[in-house]
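Data block for upload31.csv (CSV, C-alpha atoms):
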```csv
chain,number,residue,atom,x,y,z
A,1333,MET,CA,22.6,28.6,8.5
A,1334,ALA,CA,21.8,27.5,5.0
A,1335,THR,CA,24.7,27.2,2.5
A,1336,THR,CA,23.9,28.1,-1.1
A,1337,LEU,CA,24.6,25.8,-4.0
A,1338,THR,CA,25.3,26.9,-7.6
A,1339,CYS,CA,22.4,25.3,-9.4
A,1340,VAL,CA,19.7,26.6,-11.6
A,1341,GLU,CA,17.0,24.1,-10.6
A,1342,ILE,CA,16.2,22.2,-7.5
A,1343,PRO,CA,17.1,18.6,-8.1
A,1344,ASN,CA,14.3,16.0,-7.9
A,1345,GLY,CA,15.6,13.5,-5.5
A,1346,GLY,CA,16.1,9.8,-6.0
A,1347,PHE,CA,19.3,8.3,-7.3
A,1348,THR,CA,22.0,10.7,-8.4
A,1349,PHE,CA,25.0,9.8,-10.5
A,1350,ASP,CA,27.3,12.7,-9.6
A,1351,ASN,CA,30.0,10.5,-8.1
A,1352,CYS,CA,30.1,7.9,-10.9
A,1353,THR,CA,32.8,9.7,-13.0
A,1354,ARG,CA,34.8,10.4,-9.8
A,1355,ASN,CA,34.6,6.7,-8.8
A,1356,ALA,CA,35.6,5.5,-12.3
A,1357,HIS,CA,38.6,7.9,-12.2
A,1358,LEU,CA,39.6,6.7,-8.7
A,1359,GLU,CA,39.3,3.1,-9.7
A,1360,LYS,CA,41.6,3.7,-12.6
A,1361,LYS,CA,44.1,5.1,-10.1
A,1362,GLY,CA,44.0,2.0,-8.1
A,1363,MET,CA,41.3,2.4,-5.5
A,1364,VAL,CA,39.5,-0.7,-4.5
A,1365,ALA,CA,35.7,-0.2,-4.2
A,1366,PRO,CA,34.2,-1.5,-0.9
A,1367,LYS,CA,32.4,-4.8,-1.2
A,1368,THR,CA,28.6,-5.0,-0.9
A,1369,ARG,CA,27.0,-7.3,1.6
A,1370,LYS,CA,25.2,-9.9,-0.4
A,1371,THR,CA,22.8,-12.6,0.7
A,1372,GLY,CA,24.4,-15.4,-1.3
A,1373,THR,CA,21.5,-17.4,-0.5
A,1374,THR,CA,19.0,-20.2,-0.8
A,1375,ILE,CA,15.4,-19.0,-0.9
A,1376,VAL,CA,12.5,-21.3,-1.8
A,1377,GLY,CA,8.8,-21.2,-2.0
A,1378,MET,CA,6.1,-23.8,-2.5
A,1379,VAL,CA,2.4,-23.9,-2.8
A,1380,PHE,CA,0.7,-26.7,-0.8
A,1381,GLU,CA,-2.8,-27.7,0.0
A,1382,GLY,CA,-3.2,-25.3,2.8
A,1383,GLY,CA,-1.5,-22.2,1.3
A,1384,VAL,CA,2.0,-21.2,0.5
A,1385,ILE,CA,5.3,-21.9,2.4
A,1386,LEU,CA,8.4,-19.7,2.0
A,1387,GLY,CA,11.8,-20.9,3.2
A,1388,ALA,CA,15.2,-19.2,3.5
A,1389,ASP,CA,18.6,-19.7,5.0
A,1390,THR,CA,20.1,-17.1,7.3
A,1391,ARG,CA,23.6,-16.3,6.2
A,1392,ALA,CA,24.8,-12.9,4.8
A,1393,THR,CA,28.2,-12.7,3.2
A,1394,GLU,CA,30.6,-9.9,2.3
A,1395,ASP,CA,32.6,-11.6,-0.5
A,1396,THR,CA,34.2,-14.5,1.4
A,1397,ILE,CA,33.4,-13.5,4.9
A,1398,VAL,CA,30.2,-14.3,6.8
A,1399,ALA,CA,28.9,-10.9,7.7
A,1400,ASP,CA,25.7,-12.0,9.5
A,1401,LYS,CA,25.2,-15.5,10.9
A,1402,ASN,CA,21.5,-15.0,11.5
A,1403,CYS,CA,20.0,-12.5,9.2
A,1404,SER,CA,16.3,-12.5,8.4
A,1405,LYS,CA,15.6,-12.9,4.7
A,1406,ILE,CA,11.8,-13.3,4.7
A,1407,HIS,CA,10.4,-9.8,4.6
A,1408,TYR,CA,6.9,-8.5,5.3
A,1409,ILE,CA,5.0,-7.1,2.4
A,1410,ALA,CA,1.4,-7.2,3.6
A,1411,PRO,CA,-0.5,-9.1,6.3
A,1412,ASN,CA,-1.1,-11.8,3.8
A,1413,ILE,CA,2.0,-11.5,1.6
A,1414,TYR,CA,5.7,-12.2,2.5
A,1415,CYS,CA,8.8,-12.0,0.3
A,1416,CYS,CA,12.2,-13.7,0.5
A,1417,GLY,CA,15.1,-11.7,-0.9
A,1418,ALA,CA,18.4,-12.7,-2.5
A,1419,GLY,CA,21.1,-10.5,-3.9
A,1420,THR,CA,22.5,-7.3,-2.4
A,1421,ALA,CA,21.1,-7.2,1.2
A,1422,ALA,CA,20.4,-3.5,1.2
A,1423,ASP,CA,18.6,-3.6,-2.2
A,1424,THR,CA,16.3,-6.4,-1.1
A,1425,GLU,CA,15.6,-4.8,2.2
A,1426,MET,CA,14.8,-1.3,0.9
A,1427,THR,CA,12.9,-2.5,-2.1
A,1428,THR,CA,10.6,-4.7,-0.1
A,1429,GLN,CA,10.1,-2.0,2.5
A,1430,MET,CA,9.2,0.6,-0.2
A,1431,ILE,CA,6.7,-1.7,-1.9
A,1432,SER,CA,5.2,-2.6,1.5
A,1433,SER,CA,4.6,1.0,2.3
A,1434,ASN,CA,3.1,1.6,-1.1
A,1435,LEU,CA,0.8,-1.3,-0.6
A,1436,GLN,CA,-0.3,0.0,2.8
A,1437,LEU,CA,-1.1,3.3,1.2
A,1438,LEU,CA,-3.1,1.5,-1.5
A,1439,ARG,CA,-5.0,-0.4,1.2
A,1440,TYR,CA,-5.9,2.9,2.9
A,1441,ASN,CA,-7.1,4.2,-0.5
A,1442,THR,CA,-9.1,1.3,-1.7
A,1443,GLY,CA,-10.1,-0.3,1.6
A,1444,ARG,CA,-9.5,-3.8,0.3
A,1445,PRO,CA,-6.9,-6.5,1.2
A,1446,THR,CA,-3.8,-6.6,-1.1
A,1447,ARG,CA,-3.5,-9.1,-3.9
A,1448,VAL,CA,-0.3,-10.9,-4.6
A,1449,ALA,CA,-0.4,-9.9,-8.3
A,1450,THR,CA,-0.4,-6.2,-7.3
A,1451,ALA,CA,2.8,-6.7,-5.2
A,1452,ASN,CA,4.3,-8.6,-8.1
A,1453,ARG,CA,3.6,-5.9,-10.6
A,1454,MET,CA,4.9,-3.1,-8.4
A,1455,LEU,CA,8.1,-5.0,-7.8
A,1456,LYS,CA,8.7,-5.9,-11.4
A,1457,GLN,CA,8.1,-2.4,-12.7
A,1458,TYR,CA,10.4,-1.0,-10.1
A,1459,LEU,CA,13.2,-3.5,-10.9
A,1460,TYR,CA,12.8,-3.0,-14.6
A,1461,ARG,CA,13.1,0.7,-14.3
A,1462,TYR,CA,16.6,0.2,-12.9
A,1463,GLN,CA,17.6,-2.4,-15.5
A,1464,GLY,CA,19.1,-4.9,-13.1
A,1465,HIS,CA,21.3,-2.4,-11.2
A,1466,VAL,CA,19.1,-2.9,-8.2
A,1467,SER,CA,20.3,-6.4,-7.5
A,1468,ALA,CA,17.3,-8.0,-5.8
A,1469,ALA,CA,16.1,-11.5,-6.7
A,1470,LEU,CA,12.8,-12.2,-4.9
A,1471,VAL,CA,10.4,-15.0,-4.1
A,1472,LEU,CA,7.0,-13.5,-3.4
A,1473,GLY,CA,4.3,-15.6,-1.9
A,1474,GLY,CA,0.9,-14.9,-0.4
A,1475,VAL,CA,-2.8,-15.8,-0.2
A,1476,ASP,CA,-5.5,-13.4,-1.4
A,1477,CYS,CA,-9.1,-13.6,-2.4
A,1478,ASN,CA,-8.1,-15.7,-5.5
A,1479,GLY,CA,-6.2,-18.3,-3.5
A,1480,ALA,CA,-2.5,-19.0,-2.9
A,1481,HIS,CA,0.1,-17.5,-5.3
A,1482,LEU,CA,3.8,-17.8,-5.7
A,1483,TYR,CA,6.0,-15.6,-7.9
A,1484,SER,CA,9.8,-15.5,-8.5
A,1485,ILE,CA,11.1,-12.1,-9.5
A,1486,HIS,CA,14.5,-11.7,-11.2
A,1487,PRO,CA,16.7,-8.5,-10.8
A,1488,HIS,CA,16.0,-7.3,-14.3
A,1489,GLY,CA,12.3,-7.4,-13.8
A,1490,SER,CA,11.0,-10.7,-15.3
A,1491,THR,CA,8.6,-12.8,-13.2
A,1492,ASP,CA,7.4,-16.3,-13.2
A,1493,LYS,CA,4.3,-17.6,-11.6
A,1494,LEU,CA,4.9,-21.2,-10.5
A,1495,PRO,CA,3.9,-23.8,-7.9
A,1496,TYR,CA,7.5,-24.1,-6.6
A,1497,VAL,CA,10.5,-21.8,-7.0
A,1498,THR,CA,14.0,-21.3,-5.8
A,1499,MET,CA,16.4,-18.4,-6.1
A,1500,GLY,CA,19.9,-17.5,-5.0
A,1501,SER,CA,23.3,-19.1,-5.2
A,1502,GLY,CA,21.9,-22.3,-3.6
A,1503,SER,CA,18.9,-22.5,-5.9
A,1504,LEU,CA,20.2,-25.4,-7.9
A,1505,ALA,CA,20.6,-27.6,-4.9
A,1506,ALA,CA,17.2,-26.6,-3.6
A,1507,MET,CA,15.6,-27.1,-7.0
A,1508,ALA,CA,17.0,-30.6,-7.2
A,1509,THR,CA,15.3,-31.4,-3.9
A,1510,PHE,CA,12.0,-30.0,-5.0
A,1511,GLU,CA,12.1,-31.8,-8.4
A,1512,MET,CA,12.5,-35.1,-6.5
A,1513,GLY,CA,9.9,-34.6,-3.8
A,1514,TYR,CA,7.3,-32.2,-5.1
A,1515,LYS,CA,3.7,-33.4,-5.6
A,1516,PRO,CA,0.7,-31.1,-6.1
A,1517,ASN,CA,-1.5,-30.5,-3.0
A,1518,MET,CA,0.9,-31.8,-0.4
A,1519,LYS,CA,-0.2,-32.0,3.3
A,1520,ARG,CA,1.2,-29.5,5.7
A,1521,PRO,CA,3.8,-31.6,7.6
A,1522,GLU,CA,5.1,-33.1,4.4
A,1523,ALA,CA,5.3,-29.7,2.7
A,1524,MET,CA,7.2,-28.2,5.7
A,1525,LYS,CA,9.7,-31.1,5.6
A,1526,LEU,CA,10.2,-30.7,1.9
A,1527,VAL,CA,10.9,-27.0,2.1
A,1528,ARG,CA,13.3,-27.6,5.0
A,1529,ASP,CA,15.1,-30.2,3.0
A,1530,ALA,CA,15.4,-28.0,0.0
A,1531,VAL,CA,16.9,-25.1,2.1
A,1532,ALA,CA,19.2,-27.6,3.9
A,1533,ALA,CA,20.4,-28.8,0.5
A,1534,GLY,CA,21.4,-25.3,-0.3
A,1535,ILE,CA,23.0,-24.8,3.2
A,1536,PHE,CA,25.2,-27.8,3.0
A,1537,ASN,CA,26.1,-27.7,-0.7
A,1538,ASP,CA,26.6,-24.0,-1.3
A,1539,LEU,CA,29.2,-21.8,0.4
A,1540,GLY,CA,27.1,-18.7,0.2
A,1541,SER,CA,24.2,-20.2,2.3
A,1542,GLY,CA,24.4,-21.4,5.8
A,1543,SER,CA,23.2,-21.4,9.4
A,1544,ASN,CA,19.5,-21.9,10.1
A,1545,VAL,CA,16.4,-22.5,8.1
A,1546,ASP,CA,13.6,-20.0,8.5
A,1547,LEU,CA,10.1,-20.9,7.4
A,1548,CYS,CA,7.0,-18.7,6.8
A,1549,ILE,CA,3.7,-20.4,6.3
A,1550,ILE,CA,0.8,-18.4,4.9
A,1551,GLY,CA,-2.4,-20.3,5.3
A,1552,ASN,CA,-5.5,-20.2,3.1
A,1553,ASN,CA,-7.3,-18.4,6.0
A,1554,MET,CA,-4.6,-15.7,5.6
A,1555,LYS,CA,-3.0,-16.6,8.9
A,1556,VAL,CA,0.8,-16.3,8.9
A,1557,GLU,CA,3.2,-18.4,10.9
A,1558,TYR,CA,6.7,-17.1,10.9
A,1559,LEU,CA,9.0,-19.8,12.3
A,1560,ARG,CA,12.4,-18.4,13.0
A,1561,PRO,CA,14.4,-20.5,13.3
A,1562,PHE,CA,12.5,-23.5,12.1
A,1563,ASP,CA,15.6,-25.7,12.1
A,1564,VAL,CA,19.1,-25.0,13.3
A,1565,ALA,CA,21.0,-27.0,10.7
A,1566,ASN,CA,24.4,-25.8,11.7
A,1567,GLU,CA,25.0,-25.9,15.5
A,1568,LYS,CA,28.1,-24.0,16.7
A,1569,GLY,CA,30.4,-26.6,18.3
A,1570,VAL,CA,30.7,-26.7,22.0
A,1571,ARG,CA,34.2,-26.1,23.4
A,1572,GLN,CA,35.7,-29.2,24.8
A,1573,GLY,CA,38.2,-27.8,27.4
A,1574,ASN,CA,38.4,-24.7,29.5
A,1575,TYR,CA,41.9,-23.1,29.8
A,1576,LYS,CA,40.9,-20.4,32.3
A,1577,TYR,CA,42.6,-20.5,35.7
A,1578,LYS,CA,40.3,-20.4,38.7
A,1579,PRO,CA,40.8,-17.3,40.9
A,1580,GLY,CA,43.1,-18.2,43.7
A,1581,THR,CA,45.3,-20.6,41.7
A,1582,THR,CA,48.2,-18.3,42.2
A,1583,GLU,CA,49.0,-17.7,45.8
A,1584,VAL,CA,49.4,-14.1,46.9
A,1585,LEU,CA,52.5,-13.8,49.1
A,1586,SER,CA,52.3,-10.1,50.1
A,1587,LYS,CA,50.5,-6.9,49.1
A,1588,VAL,CA,51.8,-3.2,49.2
A,1589,VAL,CA,49.5,-0.3,48.4
A,1590,LYS,CA,51.1,3.0,47.4
A,1591,PRO,CA,49.2,6.2,46.6
A,1592,ILE,CA,50.4,8.1,43.5
A,1593,LYS,CA,50.9,11.8,44.3
A,1594,PHE,CA,49.9,14.2,41.5
A,1595,ASP,CA,49.5,18.0,41.2
A,1596,ILE,CA,46.8,19.6,39.1
A,1597,VAL,CA,48.7,21.9,36.7
A,1598,SER,CA,45.8,23.5,34.8
A,1599,GLU,CA,42.0,23.3,34.5
A,1600,THR,CA,40.0,24.1,31.3
A,1601,VAL,CA,36.3,24.0,30.7
A,1602,GLN,CA,35.4,22.7,27.2
A,1603,GLU,CA,32.8,24.9,25.6
A,1604,ALA,CA,29.8,23.2,24.1
A,1605,MET,CA,30.3,22.6,20.4
A,1606,ASP,CA,28.4,24.9,18.1
A,1607,THR,CA,26.4,22.7,15.8
A,1608,SER,CA,24.1,25.3,14.2
B,694,MET,CA,35.7,11.8,-32.0
B,695,ILE,CA,34.3,10.2,-28.9
B,696,ARG,CA,35.7,6.8,-28.4
B,697,GLY,CA,33.7,3.6,-27.7
B,698,ASP,CA,31.7,4.5,-24.7
B,699,LYS,CA,28.7,2.2,-24.4
B,700,PHE,CA,26.6,4.7,-22.5
B,701,GLU,CA,24.1,7.0,-24.1
B,702,THR,CA,24.9,10.6,-24.6
B,703,LYS,CA,24.0,13.3,-22.2
B,704,GLN,CA,21.7,16.1,-23.2
B,705,PHE,CA,23.9,19.2,-23.4
B,706,SER,CA,22.9,22.3,-21.6
B,707,THR,CA,21.3,25.1,-23.7
B,708,GLU,CA,19.6,27.8,-21.7
B,709,ALA,CA,22.5,28.3,-19.3
B,710,ASP,CA,24.8,29.2,-22.1
B,711,THR,CA,25.4,32.7,-23.2
B,712,GLU,CA,24.1,34.0,-26.5
B,713,TYR,CA,27.2,33.0,-28.4
B,714,GLY,CA,27.2,29.4,-27.2
B,715,VAL,CA,30.2,29.8,-24.9
B,716,THR,CA,29.7,28.3,-21.5
B,717,SER,CA,30.3,30.8,-18.7
B,718,SER,CA,33.1,29.6,-16.4
B,719,LEU,CA,31.8,31.9,-13.7
B,720,ARG,CA,28.6,29.8,-13.5
B,721,SER,CA,29.5,26.3,-14.4
B,722,GLY,CA,33.1,26.1,-13.7
B,723,LEU,CA,35.9,25.0,-15.9
B,724,GLY,CA,34.4,22.0,-17.7
B,725,ASN,CA,35.4,19.8,-20.6
B,726,VAL,CA,33.4,19.2,-23.7
B,727,ARG,CA,33.6,15.4,-23.4
B,728,SER,CA,31.5,15.4,-20.3
B,729,ASN,CA,28.7,16.9,-22.2
B,730,PHE,CA,28.5,13.9,-24.5
B,731,VAL,CA,29.4,10.9,-22.3
B,732,SER,CA,27.4,10.0,-19.3
B,733,SER,CA,28.9,8.3,-16.3
B,734,HIS,CA,26.2,5.7,-15.8
B,735,PRO,CA,23.8,4.0,-18.2
B,736,LEU,CA,20.8,4.9,-16.1
B,737,GLU,CA,21.6,8.6,-15.9
B,738,LYS,CA,19.7,9.6,-19.1
B,739,SER,CA,16.8,7.3,-18.4
B,740,GLU,CA,16.4,8.6,-14.8
B,741,ARG,CA,16.5,12.2,-15.8
B,742,GLU,CA,13.7,11.8,-18.3
B,743,TYR,CA,11.7,9.2,-16.4
B,744,ASP,CA,9.0,11.5,-14.8
B,745,ASN,CA,8.3,13.2,-18.1
B,746,LYS,CA,8.2,10.0,-20.0
B,747,MET,CA,5.8,8.4,-17.5
B,748,LYS,CA,3.6,11.5,-17.7
B,749,GLN,CA,3.5,11.3,-21.5
B,750,MET,CA,2.8,7.6,-21.5
B,751,ASN,CA,-0.1,8.1,-19.0
B,752,PHE,CA,-1.6,10.9,-21.0
B,753,ASN,CA,-1.4,8.9,-24.2
B,754,MET,CA,-3.1,6.0,-22.6
B,755,LEU,CA,-5.8,8.3,-21.2
B,756,ARG,CA,-6.3,9.8,-24.7
B,757,ASN,CA,-6.6,6.4,-26.3
B,758,SER,CA,-9.1,5.1,-23.8
B,759,GLN,CA,-11.2,8.1,-22.9
B,760,GLY,CA,-10.7,10.6,-25.7
B,761,ILE,CA,-8.8,13.8,-26.2
B,762,HIS,CA,-10.8,15.6,-23.4
B,763,ALA,CA,-9.3,13.5,-20.6
B,764,PRO,CA,-5.6,14.5,-20.9
B,765,LEU,CA,-6.7,18.0,-21.9
B,766,ARG,CA,-8.6,18.5,-18.7
B,767,LYS,CA,-5.8,17.1,-16.6
B,768,GLN,CA,-3.3,19.4,-18.2
B,769,MET,CA,-5.6,22.3,-17.7
B,770,GLU,CA,-5.8,21.6,-14.0
B,771,LEU,CA,-2.1,21.2,-13.7
B,772,THR,CA,-1.5,24.5,-15.5
B,773,ALA,CA,-4.0,26.3,-13.4
B,774,ILE,CA,-2.5,24.9,-10.2
B,775,ASN,CA,1.1,25.8,-11.3
B,776,LYS,CA,0.0,29.4,-12.0
B,777,ALA,CA,-1.7,29.7,-8.6
B,778,THR,CA,0.8,28.0,-6.3
B,779,THR,CA,4.3,28.4,-7.9
B,780,ARG,CA,6.6,30.2,-5.6
B,781,LEU,CA,10.0,31.8,-6.4
B,782,PRO,CA,12.4,29.0,-7.5
B,783,PHE,CA,14.7,29.2,-4.5
B,784,LEU,CA,12.0,29.1,-1.9
B,785,PRO,CA,11.0,25.8,-0.3
B,786,THR,CA,7.7,24.3,-1.6
B,787,SER,CA,5.7,21.4,-0.5
B,788,ASN,CA,4.3,20.9,-4.0
B,789,LEU,CA,1.1,19.5,-2.4
B,790,SER,CA,-1.4,20.4,-5.1
B,791,GLN,CA,0.9,19.1,-7.9
B,792,ASP,CA,1.5,15.9,-5.9
B,793,ILE,CA,-2.3,15.4,-5.6
B,794,LEU,CA,-2.9,16.0,-9.3
B,795,ASN,CA,-0.1,13.7,-10.3
B,796,GLY,CA,-1.2,11.0,-7.9
B,797,ASN,CA,1.9,11.1,-5.8
B,798,ASP,CA,0.1,11.8,-2.6
B,799,ALA,CA,-0.7,8.1,-2.2
B,800,CYS,CA,2.7,6.8,-3.2
B,801,ILE,CA,6.2,6.4,-1.7
B,802,SER,CA,9.0,6.3,-4.2
B,803,ILE,CA,12.8,6.3,-4.3
B,804,GLN,CA,12.5,10.1,-4.5
B,805,ASP,CA,11.2,10.1,-0.9
B,806,ASN,CA,14.0,7.8,0.2
B,807,PHE,CA,16.7,10.1,-1.1
B,808,SER,CA,14.9,13.4,-1.0
B,809,HIS,CA,16.1,17.0,-0.7
B,810,GLU,CA,13.2,17.8,1.6
B,811,ASP,CA,15.2,18.5,4.7
B,812,SER,CA,18.3,19.6,2.9
B,813,GLU,CA,20.2,22.4,4.6
B,814,ILE,CA,21.5,23.9,1.3
B,815,MET,CA,19.6,26.1,-1.1
B,816,GLY,CA,20.1,27.4,-4.6
B,817,ASP,CA,21.6,30.8,-5.1
B,818,PRO,CA,18.6,33.1,-5.4
B,819,HIS,CA,20.1,35.4,-8.1
B,820,LEU,CA,21.2,32.5,-10.3
B,821,MET,CA,17.9,30.8,-10.0
B,822,MET,CA,15.8,33.9,-10.7
B,823,GLU,CA,18.0,34.7,-13.8
B,824,HIS,CA,17.5,31.1,-15.0
B,825,LYS,CA,13.7,31.3,-14.5
B,826,LEU,CA,13.4,34.6,-16.2
B,827,GLY,CA,15.6,33.5,-19.1
B,828,LEU,CA,18.1,36.3,-18.5
B,829,LYS,CA,21.5,35.7,-20.2
B,830,PRO,CA,24.2,35.2,-17.6
B,831,LEU,CA,27.6,36.8,-17.5
```
Let me see the structure of the file written as structure tokens.
Amino acid sequence: MATTLTCVEIPNGGFTFDNCTRNAHLEKKGMVAPKTRKTGTTIVGMVFEGGVILGADTRATEDTIVADKNCSKIHYIAPNIYCCGAGTAADTEMTTQMISSNLQLLRYNTGRPTRVATANRMLKQYLYRYQGHVSAALVLGGVDCNGAHLYSIHPHGSTDKLPYVTMGSGSLAAMATFEMGYKPNMKRPEAMKLVRDAVAAGIFNDLGSGSNVDLCIIGNNMKVEYLRPFDVANEKGVRQGNYKYKPGTTEVLSKVVKPIKFDIVSETVQEAMDTS
Amino acid sequence: MIRGDKFETKQFSTEADTEYGVTSSLRSGLGNVRSNFVSSHPLEKSEREYDNKMKQMNFNMLRNSQGIHAPLRKQMELTAINKATTRLPFLPTSNLSQDILNGNDACISIQDNFSHEDSEIMGDPHLMMEHKLGLKPL
């Protein structure tokens, strides 16, 4: 049964700001807003001889608590393009999914494989539209007909096209590692090790990053290897002692079984809920 | 005087008012004048005008690159389709032809994520017809 709303035009859809005044008013009265789950993160990307490598840690935090010990920060954009996301977890997830859907529709329309520059432009135009309120910092990497490309995209919509990039709270530690060890046209094992070291620097030196290192290698032949986890940097400790008692430790001396007598006082049948 | 709010002003409603400029509390409830001038979020104004602005920008680019005939033809097609397929305002529409002409049939946007497509509420038919026909409300 449709309920009617007092409005003169059908609203368009998309973000609405109806509750903003209410929220401001409530916060003045002392309400504490719920905390968003952020991926205080280390995400890195690097172009090497055989393509592009993306690396990320796997910790998601809610302020000071680890919300997810093994979350996946490398998102699929296209068969030849992947994107690491830092910032508010929901924002990165939904933004990358939306752009991925748009690119699939574009592929159906044009019949051609997607270029990394297209994904970059779509992302930056979307993020600029929301002036940084969509808190998503991304490292976009992929291989297309023009070679391997790597972009870093900031929440306000600015992008940089570089051979190696880092984003997130652990980006300084990771960038220090890259600056020490990066050489153009590195070989594959060397490159994988450097990316792993950069993410590990973030994991060990930044509180917002932790757990494992995930790697995604997109080769020049557009073949993707998603290594999750590539390296378990933080193993959970093994418990040293067991304080459980074995069954049978306490001797049973005697056993008495008594049935509990009860009377049924009344019986009711719950009607099915009306959800129309 | 409106005190230092950093957000842009909201466009204040015009057509819904009565002829003497007094807002009808039957329609829009007991409001306060301040809320007409101060928006609650910096993006509110920008989002409200976004579709129109993008359309204007695209038409301008089309005019600059292909000449005056290009946007003129597109607008003619849109007008013709609107005349042919517009339903009464409170009835559900798929807007398929308008979507195709605007190029939205091959796009997924935030409006599809948060859409009113399967909404179980509808606008009041009388109010919406009066608004559409420009009749002055009580």
How many Å lie between atom CA of B:Glu737 and atom CA of B:Arg756, rounded to one decimal?
29.3 Å
What does the distance between atom CA of A:Gly1479 and atom CA of A:Ala1449 come to in Å, to one decimal place?
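Between atom CA of A:Gly1479 and atom CA of A:Ala1449 the gap works out to 11.3 Å.
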So which residues touch stretch 1355-1367 of chain A within 10 Å, counting only C-alpha atoms, skipping near sequence neighbours fewer than 5 positions away, as a PDB file with C-alpha atoms, in the frame of the given file?
```
ATOM      1  CA  ASP A1350      27.300  12.700  -9.600  1.00  0.00           C
ATOM      2  CA  THR A1393      28.200 -12.700   3.200  1.00  0.00           C
ATOM      3  CA  GLU A1394      30.600  -9.900   2.300  1.00  0.00           C
ATOM      4  CA  ASP A1395      32.600 -11.600  -0.500  1.00  0.00           C
TER       5      ASP A1395
ATOM      6  CA  SER B 733      28.900   8.300 -16.300  1.00  0.00           C
TER       7      SER B 733
END
```
Using only C-alpha atoms, I'd like every residue of chain A that has an atom within 10 Å of chain B; please write them out as a PyMOL selection string.
chain A and resi 1333-1356+1426-1427+1430-1438+1440-1441+1458+1461-1463+1465
What is the distance between atom CA of A:Gly1551 and atom CA of A:Val1376, in Å to one decimal?
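According to the coordinates, atom CA of A:Gly1551 and atom CA of A:Val1376 are separated by 16.5 Å.
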List the residues sitting within 10 Å of (4.8, -18.2, 7.0) in the file's frame, using all atoms listed in the file, as an MDAnalysis selection string.
chainID A and resid 1383:1387 1406 1412:1415 1473:1474 1546:1551 1554:1560
Would you compute, for all listed atoms of stretch 1366-1379 of chain A, the axis-aligned bounding box grown by 8 Å on each side, and then report its centre and edge lengths in Å rounded to one decimal, as JSON?
```
{"center_x": 18.3, "center_y": -12.7, "center_z": -0.6, "size_x": 47.8, "size_y": 38.4, "size_z": 20.4}
```
Using all atoms listed in the file, the best pick from B:Leu826, B:Asn751, B:Asn775, B:Lys738 as closest to B:Leu789 would be B:Asn775
List the neighbours of B:Ala763 out to 10 Å using all atoms listed in the file; skip same-chain residues closer than 5 positions along the sequence, and give me the result as a PyMOL selection string.
chain B and resi 752-758+768-769
